[in-house]
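Q: What follows is work.cif, mmCIF, C-alpha atoms.
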```cif
data_final
loop_
_atom_site.group_PDB
_atom_site.id
_atom_site.type_symbol
_atom_site.label_atom_id
_atom_site.label_comp_id
_atom_site.auth_asym_id
_atom_site.auth_seq_id
_atom_site.Cartn_x
_atom_site.Cartn_y
_atom_site.Cartn_z
ATOM 1 C CA MET C 38 -21.209 -52.872 -51.140
ATOM 2 C CA ARG C 39 -18.461 -54.596 -49.220
ATOM 3 C CA ARG C 40 -16.154 -51.578 -49.687
ATOM 4 C CA ALA C 41 -18.758 -49.089 -48.411
ATOM 5 C CA ARG C 42 -19.417 -51.134 -45.278
ATOM 6 C CA LYS C 43 -15.709 -51.243 -44.528
ATOM 7 C CA SER C 44 -15.321 -47.448 -44.712
ATOM 8 C CA TRP C 45 -18.296 -46.905 -42.367
ATOM 9 C CA ALA C 46 -16.793 -49.293 -39.864
ATOM 10 C CA ARG C 47 -13.474 -47.406 -39.935
ATOM 11 C CA ASN C 48 -15.228 -44.011 -39.271
ATOM 12 C CA ASP C 49 -17.139 -45.414 -36.305
ATOM 13 C CA GLU C 50 -13.915 -46.591 -34.705
ATOM 14 C CA LYS C 51 -12.260 -43.138 -34.946
ATOM 15 C CA GLU C 52 -15.135 -40.955 -33.649
ATOM 16 C CA PRO C 53 -14.995 -41.800 -29.906
ATOM 17 C CA GLU C 54 -11.396 -40.481 -29.673
ATOM 18 C CA VAL C 55 -11.854 -36.953 -28.257
ATOM 19 C CA ASN C 56 -8.609 -35.317 -27.157
ATOM 20 C CA MET C 57 -9.295 -33.396 -23.944
ATOM 21 C CA THR C 58 -5.742 -32.081 -23.455
ATOM 22 C CA PRO C 59 -6.096 -28.729 -25.305
ATOM 23 C CA MET C 60 -9.320 -27.958 -23.477
ATOM 24 C CA ILE C 61 -7.785 -28.685 -20.067
ATOM 25 C CA ASP C 62 -4.764 -26.596 -20.994
ATOM 26 C CA CYS C 63 -7.013 -23.694 -21.988
ATOM 27 C CA VAL C 64 -8.942 -23.932 -18.734
ATOM 28 C CA PHE C 65 -5.737 -23.837 -16.693
ATOM 29 C CA GLN C 66 -4.491 -20.865 -18.700
ATOM 30 C CA LEU C 67 -7.731 -18.985 -18.033
ATOM 31 C CA LEU C 68 -7.624 -19.883 -14.346
ATOM 32 C CA ILE C 69 -4.093 -18.530 -13.938
ATOM 33 C CA PHE C 70 -4.970 -15.461 -16.037
ATOM 34 C CA PHE C 71 -7.819 -14.535 -13.726
ATOM 35 C CA MET C 72 -5.702 -15.185 -10.621
ATOM 36 C CA VAL C 73 -3.068 -12.782 -11.936
ATOM 37 C CA GLY C 74 -5.743 -10.297 -13.033
ATOM 38 C CA THR C 75 -7.212 -10.175 -9.534
ATOM 39 C CA ARG C 76 -3.813 -9.173 -8.125
ATOM 40 C CA PHE C 77 -3.452 -6.399 -10.693
ATOM 41 C CA ARG C 78 -6.757 -4.891 -9.579
ATOM 42 C CA SER C 79 -5.387 -4.451 -6.044
ATOM 43 C CA GLU C 80 -6.556 -1.119 -4.612
ATOM 44 C CA ASP C 81 -3.624 -0.692 -2.224
ATOM 45 C CA GLY C 82 -1.336 2.249 -2.854
ATOM 46 C CA VAL C 83 0.331 5.161 -1.137
ATOM 47 C CA LEU C 84 0.039 8.835 -0.189
ATOM 48 C CA ALA C 85 3.231 10.909 -0.152
ATOM 49 C CA ALA C 86 4.300 13.082 2.779
ATOM 50 C CA ASN C 87 7.417 14.582 4.359
ATOM 51 C CA LEU C 88 9.059 14.617 7.727
ATOM 52 C CA PRO C 89 10.451 17.936 8.959
ATOM 53 C CA LYS C 90 14.224 18.271 8.411
ATOM 54 C CA MET C 91 14.812 20.395 11.469
ATOM 55 C CA GLY C 92 16.559 17.836 13.575
ATOM 56 C CA LYS C 93 15.279 14.912 15.512
ATOM 57 C CA GLY C 94 11.901 14.985 17.152
ATOM 58 C CA THR C 95 10.305 18.187 15.976
ATOM 59 C CA ASP C 96 7.793 19.074 18.607
ATOM 60 C CA PRO C 97 4.303 20.212 17.580
ATOM 61 C CA VAL C 98 4.985 23.888 18.307
ATOM 62 C CA ASP C 99 7.066 24.884 15.319
ATOM 63 C CA PRO C 100 6.755 28.499 14.082
ATOM 64 C CA ILE C 101 8.146 27.837 10.576
ATOM 65 C CA LEU C 102 5.516 25.205 9.820
ATOM 66 C CA GLU C 103 2.713 27.262 11.353
ATOM 67 C CA ASN C 104 0.914 28.101 8.110
ATOM 68 C CA VAL C 105 -1.865 25.558 7.671
ATOM 69 C CA ARG C 106 -2.026 23.335 10.710
ATOM 70 C CA ILE C 107 -4.465 20.452 10.919
ATOM 71 C CA LYS C 108 -4.817 19.343 14.501
ATOM 72 C CA LEU C 109 -6.459 16.016 15.304
ATOM 73 C CA PHE C 110 -7.307 14.984 18.843
ATOM 74 C CA LEU C 111 -9.871 12.899 20.676
ATOM 75 C CA GLY C 112 -12.956 14.571 22.063
ATOM 76 C CA GLU C 113 -14.061 14.690 25.685
ATOM 77 C CA ARG C 114 -15.415 11.164 25.779
ATOM 78 C CA GLY C 115 -11.894 9.736 25.761
ATOM 79 C CA ALA C 116 -11.067 6.638 23.715
ATOM 80 C CA LEU C 117 -14.699 6.141 22.656
ATOM 81 C CA GLY C 118 -15.098 9.726 21.512
ATOM 82 C CA ARG C 119 -14.790 10.926 17.970
ATOM 83 C CA THR C 120 -11.736 12.672 16.664
ATOM 84 C CA VAL C 121 -11.958 16.458 16.660
ATOM 85 C CA CYS C 122 -10.403 18.196 13.681
ATOM 86 C CA GLN C 123 -9.236 21.816 13.747
ATOM 87 C CA VAL C 124 -7.623 23.798 10.950
ATOM 88 C CA ASN C 125 -5.708 26.761 12.426
ATOM 89 C CA GLY C 126 -8.006 26.645 15.434
ATOM 90 C CA VAL C 127 -11.286 26.372 13.466
ATOM 91 C CA SER C 128 -13.257 23.178 14.149
ATOM 92 C CA ILE C 129 -14.326 21.220 11.051
ATOM 93 C CA PRO C 130 -17.024 18.471 11.025
ATOM 94 C CA PHE C 131 -15.057 15.240 10.863
ATOM 95 C CA ASP C 132 -16.266 11.636 10.947
ATOM 96 C CA THR C 133 -14.230 9.090 9.034
ATOM 97 C CA SER C 134 -16.447 6.059 9.713
ATOM 98 C CA LEU C 135 -17.534 4.228 6.558
ATOM 99 C CA SER C 136 -21.197 5.103 7.077
ATOM 100 C CA ALA C 137 -20.374 8.824 7.368
ATOM 101 C CA ASP C 138 -17.571 10.435 5.378
ATOM 102 C CA PRO C 139 -14.372 8.372 4.971
ATOM 103 C CA SER C 140 -12.901 10.832 2.451
ATOM 104 C CA GLY C 141 -13.182 13.939 4.718
ATOM 105 C CA ARG C 142 -15.465 16.007 2.447
ATOM 106 C CA ASP C 143 -15.786 19.027 4.782
ATOM 107 C CA LEU C 144 -12.059 19.153 5.503
ATOM 108 C CA LYS C 145 -11.325 18.954 1.755
ATOM 109 C CA ALA C 146 -13.663 21.882 1.080
ATOM 110 C CA HIS C 147 -12.156 23.980 3.894
ATOM 111 C CA LEU C 148 -8.558 23.288 2.789
ATOM 112 C CA GLY C 149 -9.569 23.969 -0.809
ATOM 113 C CA ARG C 150 -10.756 27.473 0.172
ATOM 114 C CA ILE C 151 -7.445 28.187 1.964
ATOM 115 C CA PHE C 152 -5.502 26.810 -1.015
ATOM 116 C CA ARG C 153 -7.284 29.133 -3.446
ATOM 117 C CA THR C 154 -6.362 32.206 -1.371
ATOM 118 C CA ALA C 155 -2.897 31.263 -0.022
ATOM 119 C CA GLY C 156 -1.596 29.052 -2.860
ATOM 120 C CA GLU C 157 0.385 25.847 -2.897
ATOM 121 C CA LYS C 158 3.617 27.325 -1.450
ATOM 122 C CA VAL C 159 2.087 27.311 2.011
ATOM 123 C CA PRO C 160 2.915 23.996 3.629
ATOM 124 C CA VAL C 161 0.363 21.922 5.491
ATOM 125 C CA THR C 162 1.307 20.336 8.782
ATOM 126 C CA ILE C 163 -0.709 17.501 10.264
ATOM 127 C CA ASP C 164 -0.452 17.268 14.015
ATOM 128 C CA GLY C 165 -2.114 14.047 15.135
ATOM 129 C CA GLU C 166 -2.489 13.198 18.813
ATOM 130 C CA PHE C 167 -1.054 9.816 19.874
ATOM 131 C CA GLN C 168 -4.478 8.237 20.592
ATOM 132 C CA VAL C 169 -6.097 9.139 17.263
ATOM 133 C CA PRO C 170 -6.642 6.175 14.884
ATOM 134 C CA THR C 171 -4.350 6.080 11.843
ATOM 135 C CA ARG C 172 -7.477 6.192 9.635
ATOM 136 C CA ASP C 173 -8.242 9.775 10.746
ATOM 137 C CA VAL C 174 -4.725 11.072 10.106
ATOM 138 C CA VAL C 175 -4.647 9.426 6.662
ATOM 139 C CA CYS C 176 -8.031 11.039 5.951
ATOM 140 C CA ALA C 177 -6.547 14.472 6.772
ATOM 141 C CA LEU C 178 -3.529 13.751 4.545
ATOM 142 C CA ASN C 179 -5.887 12.657 1.762
ATOM 143 C CA ALA C 180 -7.929 15.871 2.124
ATOM 144 C CA ALA C 181 -4.780 18.040 1.938
ATOM 145 C CA ILE C 182 -3.587 16.271 -1.238
ATOM 146 C CA ALA C 183 -7.086 16.521 -2.754
ATOM 147 C CA ALA C 184 -7.147 20.271 -2.026
ATOM 148 C CA GLY C 185 -3.994 20.635 -4.141
ATOM 149 C CA TYR C 186 -1.199 20.809 -1.558
ATOM 150 C CA LYS C 187 2.087 19.294 -2.712
ATOM 151 C CA GLN C 188 3.969 19.652 0.541
ATOM 152 C CA VAL C 189 2.379 17.933 3.515
ATOM 153 C CA ASN C 190 4.373 17.436 6.710
ATOM 154 C CA PHE C 191 3.773 15.485 9.884
ATOM 155 C CA THR C 192 4.807 16.567 13.337
ATOM 156 C CA VAL C 193 6.861 13.933 15.132
ATOM 157 C CA PRO C 194 7.327 14.332 18.888
ATOM 158 C CA ASP C 195 10.689 13.309 20.301
ATOM 159 C CA TYR C 196 10.173 9.618 21.000
ATOM 160 C CA ILE C 197 13.312 8.952 23.025
ATOM 161 C CA ARG C 198 13.183 12.206 25.025
ATOM 162 C CA ARG C 199 9.666 11.245 26.065
ATOM 163 C CA GLY C 200 10.969 7.974 27.514
ATOM 164 C CA GLY C 201 9.904 5.653 24.696
ATOM 165 C CA HIS C 202 6.347 6.866 24.302
ATOM 166 C CA LEU C 203 4.690 9.707 22.435
ATOM 167 C CA ARG C 204 2.129 10.797 25.002
ATOM 168 C CA ARG C 205 2.251 14.490 25.736
ATOM 169 C CA MET Z 143 1.262 -48.469 -47.384
ATOM 170 C CA ARG Z 144 4.730 -48.243 -45.827
ATOM 171 C CA ILE Z 145 5.302 -44.712 -47.189
ATOM 172 C CA LYS Z 146 2.048 -43.518 -45.591
ATOM 173 C CA ARG Z 147 3.140 -44.678 -42.092
ATOM 174 C CA ASP Z 148 6.406 -42.698 -42.386
ATOM 175 C CA GLU Z 149 4.452 -39.495 -43.160
ATOM 176 C CA GLU Z 150 2.311 -39.892 -40.019
ATOM 177 C CA GLU Z 151 5.326 -40.346 -37.738
ATOM 178 C CA ALA Z 152 6.985 -37.129 -38.927
ATOM 179 C CA ALA Z 153 4.157 -34.908 -37.601
ATOM 180 C CA VAL Z 154 5.197 -33.776 -34.067
ATOM 181 C CA ASN Z 155 2.472 -32.031 -32.035
ATOM 182 C CA MET Z 156 4.007 -28.903 -30.465
ATOM 183 C CA THR Z 157 0.844 -27.761 -28.663
ATOM 184 C CA PRO Z 158 1.457 -29.453 -25.271
ATOM 185 C CA MET Z 159 5.026 -28.153 -25.138
ATOM 186 C CA ILE Z 160 3.963 -24.568 -25.914
ATOM 187 C CA ASP Z 161 1.220 -24.836 -23.312
ATOM 188 C CA CYS Z 162 3.710 -26.031 -20.706
ATOM 189 C CA VAL Z 163 6.066 -23.173 -21.497
ATOM 190 C CA PHE Z 164 3.294 -20.600 -21.118
ATOM 191 C CA GLN Z 165 2.191 -22.168 -17.843
ATOM 192 C CA LEU Z 166 5.721 -21.930 -16.464
ATOM 193 C CA LEU Z 167 6.105 -18.350 -17.696
ATOM 194 C CA ILE Z 168 2.911 -17.217 -15.974
ATOM 195 C CA PHE Z 169 3.832 -19.136 -12.823
ATOM 196 C CA PHE Z 170 7.181 -17.378 -12.526
ATOM 197 C CA MET Z 171 5.625 -13.964 -13.263
ATOM 198 C CA LEU Z 172 3.168 -14.561 -10.441
ATOM 199 C CA VAL Z 173 5.816 -15.731 -7.965
ATOM 200 C CA ALA Z 174 8.159 -12.835 -8.795
ATOM 201 C CA ASP Z 175 5.359 -10.321 -8.168
ATOM 202 C CA MET Z 176 4.537 -11.846 -4.775
ATOM 203 C CA ALA Z 177 8.177 -11.864 -3.705
ATOM 204 C CA ASN Z 178 8.477 -8.106 -4.284
ATOM 205 C CA LEU Z 179 5.507 -7.162 -2.134
ATOM 206 C CA ALA Z 180 6.536 -7.051 1.498
ATOM 207 C CA THR Z 181 2.925 -6.587 2.481
ATOM 208 C CA ASP Z 182 1.123 -7.883 5.533
ATOM 209 C CA ARG Z 183 -2.273 -9.517 5.066
ATOM 210 C CA GLU Z 184 -3.193 -8.754 8.704
ATOM 211 C CA ILE Z 185 -3.337 -5.048 7.923
ATOM 212 C CA SER Z 186 -6.460 -3.247 6.786
ATOM 213 C CA LEU Z 187 -5.264 -0.017 5.148
ATOM 214 C CA PRO Z 188 -7.217 3.235 5.620
ATOM 215 C CA TYR Z 189 -9.365 4.552 2.783
ATOM 216 C CA ALA Z 190 -8.087 7.464 0.689
ATOM 217 C CA ASP Z 191 -9.467 8.456 -2.729
ATOM 218 C CA GLN Z 192 -6.151 10.165 -3.637
ATOM 219 C CA THR Z 193 -4.260 6.856 -3.409
ATOM 220 C CA LYS Z 194 -1.493 6.512 -6.009
ATOM 221 C CA PRO Z 195 0.195 3.279 -7.102
ATOM 222 C CA ALA Z 196 3.215 2.371 -4.950
ATOM 223 C CA ASP Z 197 5.897 2.755 -7.645
ATOM 224 C CA ILE Z 198 8.828 3.303 -5.272
ATOM 225 C CA PRO Z 199 12.182 1.759 -6.269
ATOM 226 C CA ASP Z 200 13.418 -0.555 -3.496
ATOM 227 C CA PRO Z 201 11.520 0.972 -0.532
ATOM 228 C CA ILE Z 202 11.764 -0.004 3.126
ATOM 229 C CA VAL Z 203 8.294 -1.378 3.827
ATOM 230 C CA ILE Z 204 7.277 -1.206 7.480
ATOM 231 C CA ASN Z 205 3.969 -2.669 8.565
ATOM 232 C CA VAL Z 206 2.227 -1.455 11.726
ATOM 233 C CA ARG Z 207 -0.511 -3.799 12.858
ATOM 234 C CA LYS Z 208 -3.667 -2.941 14.768
ATOM 235 C CA ASP Z 209 -2.086 -4.074 18.065
ATOM 236 C CA GLY Z 210 0.801 -1.653 17.531
ATOM 237 C CA SER Z 211 3.443 -4.254 16.666
ATOM 238 C CA THR Z 212 5.939 -3.336 13.954
ATOM 239 C CA TRP Z 213 6.808 -5.810 11.195
ATOM 240 C CA ILE Z 214 9.320 -5.808 8.372
ATOM 241 C CA GLY Z 215 8.411 -8.664 6.049
ATOM 242 C CA GLU Z 216 7.873 -11.747 8.191
ATOM 243 C CA GLU Z 217 9.898 -10.393 11.124
ATOM 244 C CA GLN Z 218 8.421 -8.581 14.104
ATOM 245 C CA VAL Z 219 10.959 -5.913 14.988
ATOM 246 C CA SER Z 220 11.819 -4.239 18.285
ATOM 247 C CA ASP Z 221 12.597 -0.514 18.493
ATOM 248 C CA VAL Z 222 16.345 -1.224 18.537
ATOM 249 C CA ARG Z 223 16.145 -3.502 15.490
ATOM 250 C CA LEU Z 224 13.934 -0.986 13.642
ATOM 251 C CA SER Z 225 16.454 1.776 14.280
ATOM 252 C CA GLN Z 226 19.307 -0.477 13.141
ATOM 253 C CA ILE Z 227 17.563 -1.488 9.885
ATOM 254 C CA LEU Z 228 16.600 2.097 9.033
ATOM 255 C CA ARG Z 229 20.121 3.406 9.680
ATOM 256 C CA ASN Z 230 21.715 0.630 7.603
ATOM 257 C CA GLU Z 231 19.315 1.187 4.701
ATOM 258 C CA ALA Z 232 19.705 4.980 4.887
ATOM 259 C CA ASP Z 233 23.521 4.723 4.805
ATOM 260 C CA ARG Z 234 23.371 2.908 1.463
ATOM 261 C CA VAL Z 235 22.037 5.984 -0.381
ATOM 262 C CA ARG Z 236 23.275 8.974 1.565
ATOM 263 C CA GLY Z 237 23.085 12.214 -0.451
ATOM 264 C CA ALA Z 238 24.209 15.805 0.115
ATOM 265 C CA GLY Z 239 24.106 17.051 3.710
ATOM 266 C CA GLY Z 240 23.846 13.502 5.028
ATOM 267 C CA ILE Z 241 20.204 13.237 3.975
ATOM 268 C CA SER Z 242 19.237 9.789 2.744
ATOM 269 C CA GLU Z 243 17.551 9.370 -0.636
ATOM 270 C CA LYS Z 244 15.793 6.283 0.684
ATOM 271 C CA GLU Z 245 12.010 6.227 1.005
ATOM 272 C CA VAL Z 246 10.067 4.528 3.764
ATOM 273 C CA LEU Z 247 6.634 3.092 3.112
ATOM 274 C CA ILE Z 248 4.660 2.872 6.360
ATOM 275 C CA ARG Z 249 1.617 0.626 6.099
ATOM 276 C CA GLY Z 250 -0.358 1.331 9.244
ATOM 277 C CA ASP Z 251 -3.584 -0.492 10.065
ATOM 278 C CA GLN Z 252 -6.515 1.926 9.955
ATOM 279 C CA LEU Z 253 -7.408 1.221 13.604
ATOM 280 C CA SER Z 254 -3.868 1.338 14.960
ATOM 281 C CA ARG Z 255 -3.099 4.308 17.213
ATOM 282 C CA TRP Z 256 -1.241 7.080 15.454
ATOM 283 C CA GLU Z 257 1.582 6.888 18.023
ATOM 284 C CA ASN Z 258 2.661 3.537 16.541
ATOM 285 C CA VAL Z 259 3.128 5.134 13.110
ATOM 286 C CA GLN Z 260 4.724 8.234 14.655
ATOM 287 C CA LYS Z 261 7.288 6.005 16.346
ATOM 288 C CA VAL Z 262 8.378 4.622 12.951
ATOM 289 C CA MET Z 263 8.518 8.194 11.619
ATOM 290 C CA TRP Z 264 10.738 9.227 14.503
ATOM 291 C CA TYR Z 265 13.203 6.420 13.761
ATOM 292 C CA ALA Z 266 13.157 7.326 10.052
ATOM 293 C CA GLN Z 267 13.871 10.946 10.929
ATOM 294 C CA ASP Z 268 16.640 9.777 13.272
ATOM 295 C CA ALA Z 269 18.250 7.960 10.309
ATOM 296 C CA ALA Z 270 17.914 11.184 8.200
ATOM 297 C CA ILE Z 271 15.163 9.714 6.006
ATOM 298 C CA TYR Z 272 12.613 12.453 5.346
ATOM 299 C CA ARG Z 273 10.682 11.111 2.365
ATOM 300 C CA ILE Z 274 7.878 8.867 3.464
ATOM 301 C CA LYS Z 275 4.876 7.194 1.918
ATOM 302 C CA ILE Z 276 1.791 6.221 3.884
ATOM 303 C CA GLY Z 277 -0.045 3.076 2.809
ATOM 304 C CA SER Z 278 -3.687 3.612 1.862
ATOM 305 C CA SER Z 279 -6.412 1.908 -0.094
ATOM 306 C CA GLU Z 280 -8.885 3.099 -2.714
ATOM 307 C CA GLY Z 281 -11.334 0.367 -1.753
ATOM 308 C CA LYS Z 282 -13.699 0.987 1.134
ATOM 309 C CA GLU Z 283 -12.653 -1.977 3.240
ATOM 310 C CA LYS Z 284 -14.318 -2.654 6.568
ATOM 311 C CA PRO Z 285 -11.913 -2.889 9.513
ATOM 312 C CA LYS Z 286 -11.209 -6.419 10.749
ATOM 313 C CA GLY Z 287 -12.030 -7.460 14.316
#
```
Could you spell out this file's structure in structure tokens?
A:
Amino acid sequence: MRRARKSWARNDEKEPEVNMTPMIDCVFQLLIFFMVGTRFRSEDGVLAANLPKMGKGTDPVDPILENVRIKLFLGERGALGRTVCQVNGVSIPFDTSLSADPSGRDLKAHLGRIFRTAGEKVPVTIDGEFQVPTRDVVCALNAAIAAGYKQVNFTVPDYIRRGGHLRR
Amino acid sequence: MRIKRDEEEAAVNMTPMIDCVFQLLIFFMLVADMANLATDREISLPYADQTKPADIPDPIVINVRKDGSTWIGEEQVSDVRLSQILRNEADRVRGAGGISEKEVLIRGDQLSRWENVQKVMWYAQDAAIYRIKIGSSEGKEKPKG
């Protein structure tokens, strides 16, 4: 009887010792894992394009790059107006606001039709007016890439010749 | 009884040390990743569903904020400084015909005027850099401000 009582007493003394260290370590590991995981799911990336190699400051009127020309400029209402989009002179419905069409669905469809008839060797040139938001030009670039074009160029007006600004 | 005590002492618990090593490893992986990204948190990139991962080796990352200011890393750069940096970087990898193999990544805020991005393009072209990448995002992020 005495022996049994002693063994019970020894067990009772050991039970309250719960080592929390491995659990805390695991929690920290998980925390860092999810922090790193969130970074990996970053949605930022890039779209590829080219600059014309015909010398500095290629002005918008360029006969060699005159195949598929996307022209973006602000409408009549000035800075508050929407951007007007024309492909070789044909106006395309274009509204890149989040509630409307941020991926340029109509422009994609129009460029897709040209691509199917003319093929990928025809370069696309995007001619964005200085006032147009970057969002609209990127939308046009996105539409051209989605249509299948590999070679997309931007027009770059001569910055220095225009006295340090790009207004035409 | 004495022999039993010796057996207990010999058992060394390696778990905390391994945990510490893993913590340090993950910490350094995280820090190294952040150091490579010369991104600007002020910038809200435009949406594009054709966005590809930015796997460019050693690019020149130029950030154009909504107000039109141009930044390289933590430094706001003037036109003269921008031209200088682009020329120096382009000279490092000059290929045939004087054309630089360098790539420029322009991260323009979605609400910034296009002229601010065009200005960077002009300076890139001036340094004979013709390959550019435009920063975009697959996530439909609302513009700030």
Q: Any idea what the distance is between CA of Pro201 in chain Z and CA of Gly250 in chain Z?
A: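 Computing it gives 15.4 Å between the two atoms.
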Q: Calculate how many Å separate CA of Glu231 in chain Z from CA of Thr212 in chain Z, rounding to one decimal.
A: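 So the two atoms, CA of Glu231 in chain Z and CA of Thr212 in chain Z, lie 16.9 Å apart.
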Q: Env of Ala190 in chain Z: 10 Å cut, atoms = all atoms listed in the file, seq-sep filter 4 positions within chain, self excluded. Answer as a PyMOL selection string.
A: (chain C and resi 81-84+139-141+172+175-180+183) or (chain Z and resi 194+277-282)
Q: Quick one: residues within 7 Å of Asn125 in chain C, all atoms listed in the file, excluding same-chain residues fewer than 5 positions away - as a list in words?
A: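 So the residues in contact are Val105, Arg106 and Ile107 of chain C.
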Q: Would you translate the PyMOL selection byres ((chain C and resi 59) around 12) into the concrete set of residues it matches in this file, as number ranges by chain?
A: C: 55-58, 60-66; Z: 155-162
Q: Since I can't run it myself right now, could you work out what the PyMOL selection byres ((chain Z and resi 209) around 10) selects here and report it as a VMD selection string?
A: chain Z and resid 206 to 208 210 to 212 251 253 to 255 258
Q: How would the residues just picked look written out with C-alpha atoms as a PDB file, in the frame of the given file?
A:
```
ATOM      1  CA  VAL Z 206       2.227  -1.455  11.726  1.00  0.00           C
ATOM      2  CA  ARG Z 207      -0.511  -3.799  12.858  1.00  0.00           C
ATOM      3  CA  LYS Z 208      -3.667  -2.941  14.768  1.00  0.00           C
ATOM      4  CA  GLY Z 210       0.801  -1.653  17.531  1.00  0.00           C
ATOM      5  CA  SER Z 211       3.443  -4.254  16.666  1.00  0.00           C
ATOM      6  CA  THR Z 212       5.939  -3.336  13.954  1.00  0.00           C
ATOM      7  CA  ASP Z 251      -3.584  -0.492  10.065  1.00  0.00           C
ATOM      8  CA  LEU Z 253      -7.408   1.221  13.604  1.00  0.00           C
ATOM      9  CA  SER Z 254      -3.868   1.338  14.960  1.00  0.00           C
ATOM     10  CA  ARG Z 255      -3.099   4.308  17.213  1.00  0.00           C
ATOM     11  CA  ASN Z 258       2.661   3.537  16.541  1.00  0.00           C
TER      12      ASN Z 258
END
```
Q: Using CA of Leu187 in chain Z and CA of Thr171 in chain C as the two end points, give the distance in Å to one decimal.
A: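 Between these atoms lies a distance of 9.1 Å.
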Q: Could you tell me, as an NGL selection string, exactly which residues end up selected when the PyMOL selection byres ((chain C and resi 144-150) around 8) is applied to this structure?
A: :C and (129-131 or 141-143 or 151-154 or 177 or 180-181 or 183-185)
Q: Nearest to Trp256 in chain Z: which of C:Ile182, C:Val161, C:Leu109, C:Cys122 is it, counting all atoms listed in the file?
A: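 When distances to Trp256 in chain Z are compared using all atoms listed in the file, the smallest one comes from C:Leu109.
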Q: Have a look at Z:Met171, Z:Ala196, Z:Val262, Z:Val154 and name the one nearest to chain C; count all atoms listed in the file.
A: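 Selected residue with least distance to chain C: Z:Ala196.
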